[in-house]
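Heads up, the thing below is written out as structure tokens.
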Amino acid sequence: MTDRIVRIGGASGFWGDSAEAAPQLVRSGKLDYLTFDYLAELTMSILSRARAQDPAAGYARDFVDVAMRSVLREVVAGGIKVLSNAGGVNPRACAEALQRLAEAEGLALRIAVVEGDDVLSRVDAFRAEDVRDLHSGQPLPAKVMSANAYLGALPIVEALKHGAQVVITGRRVDSALPLAALMHEFGWSARDYDLIAAGSLAGHLIECGPQATGGLFTDWETVEGWDNIGYPIVECRSDGSFVVTKPAGTGGLVTPATVAEQMVYEIGDPAAYLLPDVICDFTAVRMSADGPDRVLVQGARGYVPGPCYKVSATYADGWRCVANITLIGGRAERKARRVAEAILARTRRMLEARGMGDYRLVYSEVIGTEAAFGPHSRVAVNREVVLRLVVEHANRDALELFAAELAPGGVSWAPGMTSIGGGRPRPSPIVKLFSFLAPKTEFKVSATVAGEHWPVPLPAELQETTTAHAATTYTEPLPSLDGVATVEVPLLRIAHGRSGDKGNSVNIGIIARDPKWIGVLRAELTAERVREYFGHFVEGAVSRFDVPGIGAFNFLLQGALAGGGMASPRSDPLGKAFAQMLLDMPVRVPTAFLEPASAAA
């Protein structure tokens with residue numbers, strides 16, 4: 001065991017994150033690694049289309065042209081290693097572009113490329129095997145735009161072992177980038193499952209950038225300096241413990257609560273968070289303050305991963321057009337609904353006359369009426385709303401017709417119809433996700449470092465099976481509120497929350513503000529009540545999982561996103577607002593437990 005600390009900065013949570021992130025982290029001093037996460041399913045389909053049009057495209061150009069250009073000299077001078085999945089569907093082209101930049105700057109740079117995730121060429125073989133979507137059970141579509149396996153950390157470790165200063169990969173789990181750095185630096189083996197889980201947790205906490213440093217925090221009014229929010233740094237030790245922090249002098253907030261919110265983000269079952277290198281159990285993770293803007297994290301556990309990689313394919317499925325129309329004045333909601341009826345009736349008549357057929361999907365929301373809250377809306381009078389009208393069709397020309405018929409409403413129908421947000425909308429292709437499992441043994445993964453090629457075989461020990469840890473759960477009896485003086489308060493008064501998508505499902509993490517509230521949350525916030533609260537959205541089951549280490553509960557709401565992600569027509573296709581809505585739900589609490597009203601109440 002060594003006392004050495006490895007410092008890793010998370011400079012990108014998605015393709016489009018701030019250009020200030022990399023310079024901020026590099027100039028914070030003493031950074032060993034800089035990681036960039038760019039890829040999502042939609043990103044992969046965009047990059048696949050770009051590569052189809054230009055063999056030299058297909059990667060996140062911002063990584064080279066913006067991020068690395070801004071810090072390359074400092075990275076080289078400081079000996080900072082850079083790990084990024086910016087390679088998208090063309091990591092070699094990305095590496096070549098970075099090499100050209102380095103040569104133009106007169107800098108020597110040893111770049112590695114990791115390949116093996118892109119299996120688009122094997123789609124026909126997968127179809128012959130009759131692979132099925134993990135969620136819907138449907139067969140693989142006829143035409144696929146991209147198909148990539150979520151690889152793990154081992155190929156990156158191989159590249160670092162051979163002296164790479166920059167490692168560029170395609171698709172992999174987001175947390176694998178920091179994990180690979182720690183495996184390399186501390187010599188962790190693929191069988192050190194608890195350590196691999198700890199490294200994966202460190203990666204999970206920084207993979208979304210400032211979401212761990214005050215971004216999206218429930219108590220957002222306590223977070224200062226949004227314009228200069230600090231990007232996350234993890235200071236890691238060889239025993240798997242680490243501290244989450246941020247550069248000095250930056251905005252944001254790092255507390256056990258802000259970090260806990262990120263831990264429960266999109267993990268599903270916290271006792272079985274599935275990754276290619278390990279299955280993680282986060283139920284016993286503990287967090288404690290370690291000074292201003294410093295949180296110590298310990299207690300992650302892990303066990304042997306499964307024998308398959310998850311493969312995500314994307315495919316085109318028709319066209320979508322989204323109109324946003326502002327209406328002002330009395331009975332604005334009724335105006336919006338009549339406008340929608342008129343637009344749809346007119347355009348359907350025109351489509352029928354042209355032999356184009358009806359819309360495949362029509363979805364409308366009246367924003368400003370608390371439509372997302374369904375029966376829990378408190379808006380009685382609407383004098384200013386936005387009609388969001390979504391239509392889908394197999395034929396793009398049908399949606400061009402729809403878009404052209406929006407403007408006439410400005411002189412035809414409701415008074416106070418003021419504008420079509422953004423002007424005439426343009427049809428866009430609908431890209432959907434298809435996920436399936438494929439045996440790891442079928443993949444040929446490699447790392448190429450400075451022209452030398454290194455195959456990365458799956459370690460034999462990963463073929464073993466081991467028993468999982470017993471998940472840590474709440475074992476004390478449920479408290480009874482019978483005969484106790486109680487009062488109803490919003491859940492926000494006693495808890496924090498964070499939500500996000502898991503395919504077509506929503507993950508909501510709820511964290512007690514104080515340990516005294518855990519029993520109340522167990523009694524009041526049941527899976528049944530959460531499903532009832534979101535009954536206007538949820539089509540499947542709702543599960544509740546215990547996370548005692550941080551005094552939390554994690555909920556998984558299946559079938560809650562109308563297809564989810566790229567497939568969903570909703571204004572919140574990623575489930576980001578579900579925690580905010582749940583925090584408004586009334587819960588009964590003992591009157592004796594209440595403290596003076598806080599700013600969050």
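Chain lettering (A, B, ...) mirrors the order of the structure tokens, residue numbering begins at 1 for each chain separately, and ligand numbering begins at 1 in order of display.
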
Quick one: residues within 8 Å of Leu179 in chain A, only C-alpha atoms counted, chain neighbours fewer than 6 positions away excluded, as a CSV table (one decimal) with N, CA, C and O atoms, in the first residue's frame?
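So the final result, stored in part.csv, reads:
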```csv
chain,number,residue,atom,x,y,z
A,153,ALA,N,-12.1,-0.7,-18.8
A,153,ALA,CA,-10.9,0.0,-18.6
A,153,ALA,C,-9.6,-0.7,-19.1
A,153,ALA,O,-8.6,-0.1,-19.4
A,196,ILE,N,-11.8,-2.1,-7.9
A,196,ILE,CA,-12.3,-1.7,-9.2
A,196,ILE,C,-13.6,-1.0,-9.0
A,196,ILE,O,-13.9,-0.1,-9.8
A,199,GLY,N,-12.8,2.5,-7.9
A,199,GLY,CA,-12.4,3.3,-9.0
A,199,GLY,C,-13.5,3.7,-10.0
A,199,GLY,O,-13.5,4.8,-10.5
A,200,SER,N,-14.4,2.7,-10.1
A,200,SER,CA,-15.6,3.0,-11.0
A,200,SER,C,-16.5,4.1,-10.4
A,200,SER,O,-17.0,4.9,-11.1
A,202,ALA,N,-15.4,6.5,-8.4
A,202,ALA,CA,-14.7,7.8,-8.6
A,202,ALA,C,-15.0,8.3,-10.0
A,202,ALA,O,-15.3,9.5,-10.2
A,203,GLY,N,-15.0,7.4,-11.0
A,203,GLY,CA,-15.3,7.8,-12.4
A,203,GLY,C,-16.7,8.2,-12.5
A,203,GLY,O,-17.0,9.2,-13.2
```

Using 12 Å as the limit and counting only C-alpha atoms, can you tabulate each residue of range 349-394 of chain A that touches range 564-585 of chain A, with its shortest atom-to-atom distance in Å and the two atoms involved, as JSON lines?
```
{"residue": "A:Leu361", "atom": "CA", "partner": "A:Pro569", "partner_atom": "CA", "distance": 9.0}
{"residue": "A:Val362", "atom": "CA", "partner": "A:Pro569", "partner_atom": "CA", "distance": 8.8}
{"residue": "A:Tyr363", "atom": "CA", "partner": "A:Pro569", "partner_atom": "CA", "distance": 6.8}
{"residue": "A:Ser364", "atom": "CA", "partner": "A:Arg570", "partner_atom": "CA", "distance": 8.4}
{"residue": "A:Glu365", "atom": "CA", "partner": "A:Arg570", "partner_atom": "CA", "distance": 8.0}
{"residue": "A:Val366", "atom": "CA", "partner": "A:Ser571", "partner_atom": "CA", "distance": 10.5}
{"residue": "A:Ile367", "atom": "CA", "partner": "A:Ser571", "partner_atom": "CA", "distance": 9.2}
{"residue": "A:Glu370", "atom": "CA", "partner": "A:Met581", "partner_atom": "CA", "distance": 10.1}
{"residue": "A:Ala371", "atom": "CA", "partner": "A:Ser571", "partner_atom": "CA", "distance": 10.7}
{"residue": "A:Ala372", "atom": "CA", "partner": "A:Met581", "partner_atom": "CA", "distance": 8.4}
{"residue": "A:Phe373", "atom": "CA", "partner": "A:Met581", "partner_atom": "CA", "distance": 6.8}
{"residue": "A:Gly374", "atom": "CA", "partner": "A:Met581", "partner_atom": "CA", "distance": 10.3}
{"residue": "A:Pro375", "atom": "CA", "partner": "A:Met585", "partner_atom": "CA", "distance": 11.8}
{"residue": "A:His376", "atom": "CA", "partner": "A:Met585", "partner_atom": "CA", "distance": 8.7}
{"residue": "A:Ser377", "atom": "CA", "partner": "A:Met581", "partner_atom": "CA", "distance": 10.2}
{"residue": "A:Arg378", "atom": "CA", "partner": "A:Asp584", "partner_atom": "CA", "distance": 11.2}
{"residue": "A:Val386", "atom": "CA", "partner": "A:Ser571", "partner_atom": "CA", "distance": 11.7}
{"residue": "A:Leu387", "atom": "CA", "partner": "A:Ser571", "partner_atom": "CA", "distance": 11.3}
{"residue": "A:Arg388", "atom": "CA", "partner": "A:Ser571", "partner_atom": "CA", "distance": 8.3}
{"residue": "A:Leu389", "atom": "CA", "partner": "A:Pro569", "partner_atom": "CA", "distance": 9.3}
{"residue": "A:Val390", "atom": "CA", "partner": "A:Pro569", "partner_atom": "CA", "distance": 6.6}
{"residue": "A:Val391", "atom": "CA", "partner": "A:Pro569", "partner_atom": "CA", "distance": 8.5}
{"residue": "A:Glu392", "atom": "CA", "partner": "A:Pro569", "partner_atom": "CA", "distance": 9.1}
```

Let's see if you can do this: from backbone DSSP, list all strand (DSSP E) residues in range 318-525 of chain A, as number ranges by chain.
A: 318-328, 361-367, 384-393, 417-420, 428-439, 446-449, 452-455, 486-490, 495-502, 505-512

Just the residues within 8 Å of range 431-447 of chain A, please, counting only C-alpha atoms, with nothing from its chain fewer than 6 positions along; format it as a ChimeraX atom specification.
/A:41-42,45,112-117,131-135,140,155-156,158-159,307-317,453-458,566-567

What lies within 7 Å of Gly87 in chain A using only C-alpha atoms, ignoring chain neighbours under 3 positions off, as an MDAnalysis selection string?
chainID A and resid 59:60 90:91 94 168:170

Residue nearest Asp118 in chain A among A:Leu151, A:Ala142, A:Ala57, A:Met183 (counting only C-alpha atoms):
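Residue with the minimum atom-to-atom distance to Asp118 in chain A: A:Leu151.
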
Go through range 218-318 of chain A and flag each residue having an atom no more than 10 Å from range 11-27 of chain A; for those, report the closest pair of atoms plus their distance in Å to one decimal, using only C-alpha atoms, ordered by chain and rising number, as JSON lines.
```
{"residue": "A:Asn228", "atom": "CA", "partner": "A:Glu20", "partner_atom": "CA", "distance": 8.6}
{"residue": "A:Ile229", "atom": "CA", "partner": "A:Ala21", "partner_atom": "CA", "distance": 9.1}
{"residue": "A:Gly230", "atom": "CA", "partner": "A:Gln24", "partner_atom": "CA", "distance": 7.8}
{"residue": "A:Tyr231", "atom": "CA", "partner": "A:Ala21", "partner_atom": "CA", "distance": 6.4}
{"residue": "A:Pro232", "atom": "CA", "partner": "A:Ala11", "partner_atom": "CA", "distance": 7.8}
{"residue": "A:Ile233", "atom": "CA", "partner": "A:Leu25", "partner_atom": "CA", "distance": 8.0}
{"residue": "A:Lys246", "atom": "CA", "partner": "A:Leu25", "partner_atom": "CA", "distance": 8.2}
{"residue": "A:Pro247", "atom": "CA", "partner": "A:Leu25", "partner_atom": "CA", "distance": 6.6}
{"residue": "A:Ala248", "atom": "CA", "partner": "A:Gln24", "partner_atom": "CA", "distance": 9.9}
{"residue": "A:Thr250", "atom": "CA", "partner": "A:Gln24", "partner_atom": "CA", "distance": 8.7}
```

Restrict the selected residues to all heavy atoms and save them as a PDB file, in the first residue's frame.
```pdb
ATOM      1  N   ASN A 228     -18.767  30.419 -13.055  1.00  0.00           N
ATOM      2  CA  ASN A 228     -17.399  29.885 -12.990  1.00  0.00           C
ATOM      3  C   ASN A 228     -17.396  28.604 -12.157  1.00  0.00           C
ATOM      4  O   ASN A 228     -16.506  28.370 -11.346  1.00  0.00           O
ATOM      5  CB  ASN A 228     -16.447  30.928 -12.378  1.00  0.00           C
ATOM      6  CG  ASN A 228     -14.996  30.476 -12.420  1.00  0.00           C
ATOM      7  OD1 ASN A 228     -14.560  29.813 -13.369  1.00  0.00           O
ATOM      8  ND2 ASN A 228     -14.237  30.813 -11.392  1.00  0.00           N
ATOM      9  N   ILE A 229     -18.412  27.782 -12.369  1.00  0.00           N
ATOM     10  CA  ILE A 229     -18.546  26.581 -11.537  1.00  0.00           C
ATOM     11  C   ILE A 229     -17.327  25.684 -11.697  1.00  0.00           C
ATOM     12  O   ILE A 229     -16.796  25.507 -12.794  1.00  0.00           O
ATOM     13  CB  ILE A 229     -19.850  25.823 -11.875  1.00  0.00           C
ATOM     14  CG1 ILE A 229     -20.175  24.799 -10.778  1.00  0.00           C
ATOM     15  CG2 ILE A 229     -19.786  25.195 -13.259  1.00  0.00           C
ATOM     16  CD1 ILE A 229     -21.589  24.279 -10.832  1.00  0.00           C
ATOM     17  N   GLY A 230     -16.870  25.140 -10.580  1.00  0.00           N
ATOM     18  CA  GLY A 230     -15.689  24.294 -10.593  1.00  0.00           C
ATOM     19  C   GLY A 230     -15.986  22.917 -11.152  1.00  0.00           C
ATOM     20  O   GLY A 230     -17.009  22.309 -10.829  1.00  0.00           O
ATOM     21  N   TYR A 231     -15.090  22.424 -11.986  1.00  0.00           N
ATOM     22  CA  TYR A 231     -15.203  21.055 -12.496  1.00  0.00           C
ATOM     23  C   TYR A 231     -14.538  20.099 -11.509  1.00  0.00           C
ATOM     24  O   TYR A 231     -13.632  20.486 -10.762  1.00  0.00           O
ATOM     25  CB  TYR A 231     -14.608  20.955 -13.904  1.00  0.00           C
ATOM     26  CG  TYR A 231     -15.611  21.398 -14.940  1.00  0.00           C
ATOM     27  CD1 TYR A 231     -15.984  22.733 -15.039  1.00  0.00           C
ATOM     28  CD2 TYR A 231     -16.244  20.483 -15.773  1.00  0.00           C
ATOM     29  CE1 TYR A 231     -16.944  23.154 -15.959  1.00  0.00           C
ATOM     30  CE2 TYR A 231     -17.206  20.882 -16.689  1.00  0.00           C
ATOM     31  CZ  TYR A 231     -17.556  22.216 -16.776  1.00  0.00           C
ATOM     32  OH  TYR A 231     -18.524  22.614 -17.663  1.00  0.00           O
ATOM     33  N   PRO A 232     -14.982  18.833 -11.467  1.00  0.00           N
ATOM     34  CA  PRO A 232     -14.593  17.947 -10.369  1.00  0.00           C
ATOM     35  C   PRO A 232     -13.176  17.386 -10.500  1.00  0.00           C
ATOM     36  O   PRO A 232     -12.687  17.118 -11.596  1.00  0.00           O
ATOM     37  CB  PRO A 232     -15.629  16.816 -10.459  1.00  0.00           C
ATOM     38  CG  PRO A 232     -15.974  16.765 -11.915  1.00  0.00           C
ATOM     39  CD  PRO A 232     -15.952  18.194 -12.379  1.00  0.00           C
ATOM     40  N   ILE A 233     -12.573  17.177  -9.346  1.00  0.00           N
ATOM     41  CA  ILE A 233     -11.284  16.507  -9.219  1.00  0.00           C
ATOM     42  C   ILE A 233     -11.456  15.419  -8.166  1.00  0.00           C
ATOM     43  O   ILE A 233     -12.067  15.655  -7.118  1.00  0.00           O
ATOM     44  CB  ILE A 233     -10.176  17.473  -8.785  1.00  0.00           C
ATOM     45  CG1 ILE A 233      -9.935  18.549  -9.853  1.00  0.00           C
ATOM     46  CG2 ILE A 233      -8.869  16.721  -8.496  1.00  0.00           C
ATOM     47  CD1 ILE A 233      -9.011  19.665  -9.396  1.00  0.00           C
ATOM     48  N   LYS A 246     -12.714  20.390  -6.038  1.00  0.00           N
ATOM     49  CA  LYS A 246     -12.733  21.211  -7.255  1.00  0.00           C
ATOM     50  C   LYS A 246     -11.611  22.242  -7.151  1.00  0.00           C
ATOM     51  O   LYS A 246     -11.041  22.449  -6.065  1.00  0.00           O
ATOM     52  CB  LYS A 246     -14.087  21.903  -7.415  1.00  0.00           C
ATOM     53  CG  LYS A 246     -14.435  22.906  -6.325  1.00  0.00           C
ATOM     54  CD  LYS A 246     -15.829  23.484  -6.528  1.00  0.00           C
ATOM     55  CE  LYS A 246     -16.154  24.535  -5.468  1.00  0.00           C
ATOM     56  NZ  LYS A 246     -15.353  25.769  -5.623  1.00  0.00           N
ATOM     57  N   PRO A 247     -11.251  22.896  -8.258  1.00  0.00           N
ATOM     58  CA  PRO A 247     -10.181  23.890  -8.196  1.00  0.00           C
ATOM     59  C   PRO A 247     -10.506  25.039  -7.244  1.00  0.00           C
ATOM     60  O   PRO A 247     -11.649  25.504  -7.176  1.00  0.00           O
ATOM     61  CB  PRO A 247     -10.079  24.382  -9.641  1.00  0.00           C
ATOM     62  CG  PRO A 247     -10.591  23.242 -10.464  1.00  0.00           C
ATOM     63  CD  PRO A 247     -11.702  22.653  -9.643  1.00  0.00           C
ATOM     64  N   ALA A 248      -9.513  25.477  -6.528  1.00  0.00           N
ATOM     65  CA  ALA A 248      -9.686  26.599  -5.591  1.00  0.00           C
ATOM     66  C   ALA A 248     -10.111  27.851  -6.349  1.00  0.00           C
ATOM     67  O   ALA A 248      -9.677  28.108  -7.473  1.00  0.00           O
ATOM     68  CB  ALA A 248      -8.377  26.848  -4.842  1.00  0.00           C
ATOM     69  N   THR A 250     -13.008  28.592  -7.558  1.00  0.00           N
ATOM     70  CA  THR A 250     -14.094  28.436  -8.526  1.00  0.00           C
ATOM     71  C   THR A 250     -15.439  28.391  -7.808  1.00  0.00           C
ATOM     72  O   THR A 250     -15.518  28.184  -6.601  1.00  0.00           O
ATOM     73  CB  THR A 250     -13.923  27.143  -9.342  1.00  0.00           C
ATOM     74  OG1 THR A 250     -13.924  26.010  -8.454  1.00  0.00           O
ATOM     75  CG2 THR A 250     -12.626  27.164 -10.127  1.00  0.00           C
TER      76      THR A 250
END
```

Find the spatial neighbours of Arg588 in chain A, counting only C-alpha atoms, within a cut-off of 10 Å - ignore same-chain residues fewer than 6 positions away - and output them as a CSV table (one decimal) with N, CA and C atoms, in the first residue's frame.
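Result saved to result-v2.csv:
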```csv
chain,number,residue,atom,x,y,z
A,481,LEU,N,-46.4,5.9,12.6
A,481,LEU,CA,-46.9,7.3,12.9
A,481,LEU,C,-48.2,7.4,13.5
A,485,ALA,N,-48.4,13.0,16.8
A,485,ALA,CA,-48.8,14.2,16.1
A,485,ALA,C,-48.0,14.5,14.9
A,486,THR,N,-48.6,14.6,13.7
A,486,THR,CA,-47.9,14.8,12.5
A,486,THR,C,-48.4,16.0,11.7
A,487,VAL,N,-47.6,16.4,10.8
A,487,VAL,CA,-48.0,17.5,9.9
A,487,VAL,C,-47.5,17.2,8.5
A,488,GLU,N,-48.2,17.6,7.4
A,488,GLU,CA,-47.7,17.4,6.1
A,488,GLU,C,-46.8,18.5,5.6
A,489,VAL,N,-45.7,18.1,5.0
A,489,VAL,CA,-44.7,19.0,4.5
A,489,VAL,C,-44.3,18.5,3.1
A,490,PRO,N,-43.8,19.3,2.2
A,490,PRO,CA,-43.2,18.8,1.0
A,490,PRO,C,-42.0,17.9,1.2
A,491,LEU,N,-41.9,16.9,0.4
A,491,LEU,CA,-40.7,16.0,0.6
A,491,LEU,C,-39.4,16.8,0.6
A,520,VAL,N,-39.0,8.0,8.4
A,520,VAL,CA,-40.2,8.7,7.8
A,520,VAL,C,-40.2,8.4,6.3
A,521,LEU,N,-39.0,8.5,5.7
A,521,LEU,CA,-39.0,8.2,4.3
A,521,LEU,C,-39.4,6.8,3.9
A,523,ALA,N,-41.4,4.9,5.6
A,523,ALA,CA,-42.8,4.7,5.8
A,523,ALA,C,-43.6,5.4,4.8
A,524,GLU,N,-43.2,6.6,4.4
A,524,GLU,CA,-44.1,7.5,3.6
A,524,GLU,C,-43.8,7.3,2.1
A,525,LEU,N,-42.5,7.1,1.7
A,525,LEU,CA,-42.1,7.1,0.4
A,525,LEU,C,-42.0,5.6,-0.1
```

What's around range 424-426 of chain A at 7 Å? Count only C-alpha atoms, leave out sequence neighbours fewer than 6 positions away in its own chain, and write the answer as a ChimeraX atom specification.
/A:321-323,403

Residues of range 199-266 of chain A in helix (DSSP H, G or I), written as a list of chain:residue names
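Helix (DSSP H, G or I) assignments inside range 199-266 of chain A correspond to A:Gly199, A:Ser200, A:Leu201, A:Ala202, A:Gly203, A:His204, A:Leu205, A:Ile206, A:Gly209, A:Pro210, A:Gln211, A:Ala212, A:Trp220, A:Glu221, A:Thr222, A:Trp226, A:Asp227, A:Asn228, A:Pro256, A:Ala257, A:Thr258, A:Val259, A:Ala260, A:Glu261, A:Gln262, A:Met263.
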
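The two atoms in question, CA of Tyr33 in chain A and CA of Val82 in chain A, are spaced 5.7 Å apart.
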
Determine the nearest neighbour of Ala560 in chain A from the options A:Ala404, A:Ile508, A:Ala104, A:Val589, counting only C-alpha atoms.
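Among the listed residues, A:Ile508 lies closest to Ala560 in chain A.
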
Check the smallest atom-to-atom distance from each of A:Leu406, A:Ala257, A:Val76, A:Leu101 to His496 in chain A using only C-alpha atoms, then report the winner.
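Using only C-alpha atoms, the shortest distance to His496 in chain A belongs to A:Ala257.
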
Give me, please, the distance in Å between CA of Ala541 in chain A and CA of Gly368 in chain A, quoted to one decimal.
29.1 Å

Looking at only C-alpha atoms, which of A:Ile8, A:Asp54, A:Glu105, A:Pro141 is the one that sits closest to Arg73 in chain A?
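With only C-alpha atoms as the atom set, the closest residue is A:Glu105.
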
Please provide as JSON, numbers by chain all residues within 8 Å of Phe545 in chain A, with the sequence filter that same-chain residues fewer than 4 positions apart are discarded (counting only C-alpha atoms).
{"A": [269, 270, 553, 554, 555]}

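Across the model, the gap from CA of Thr245 in chain A to CA of Glu221 in chain A is 19.8 Å.
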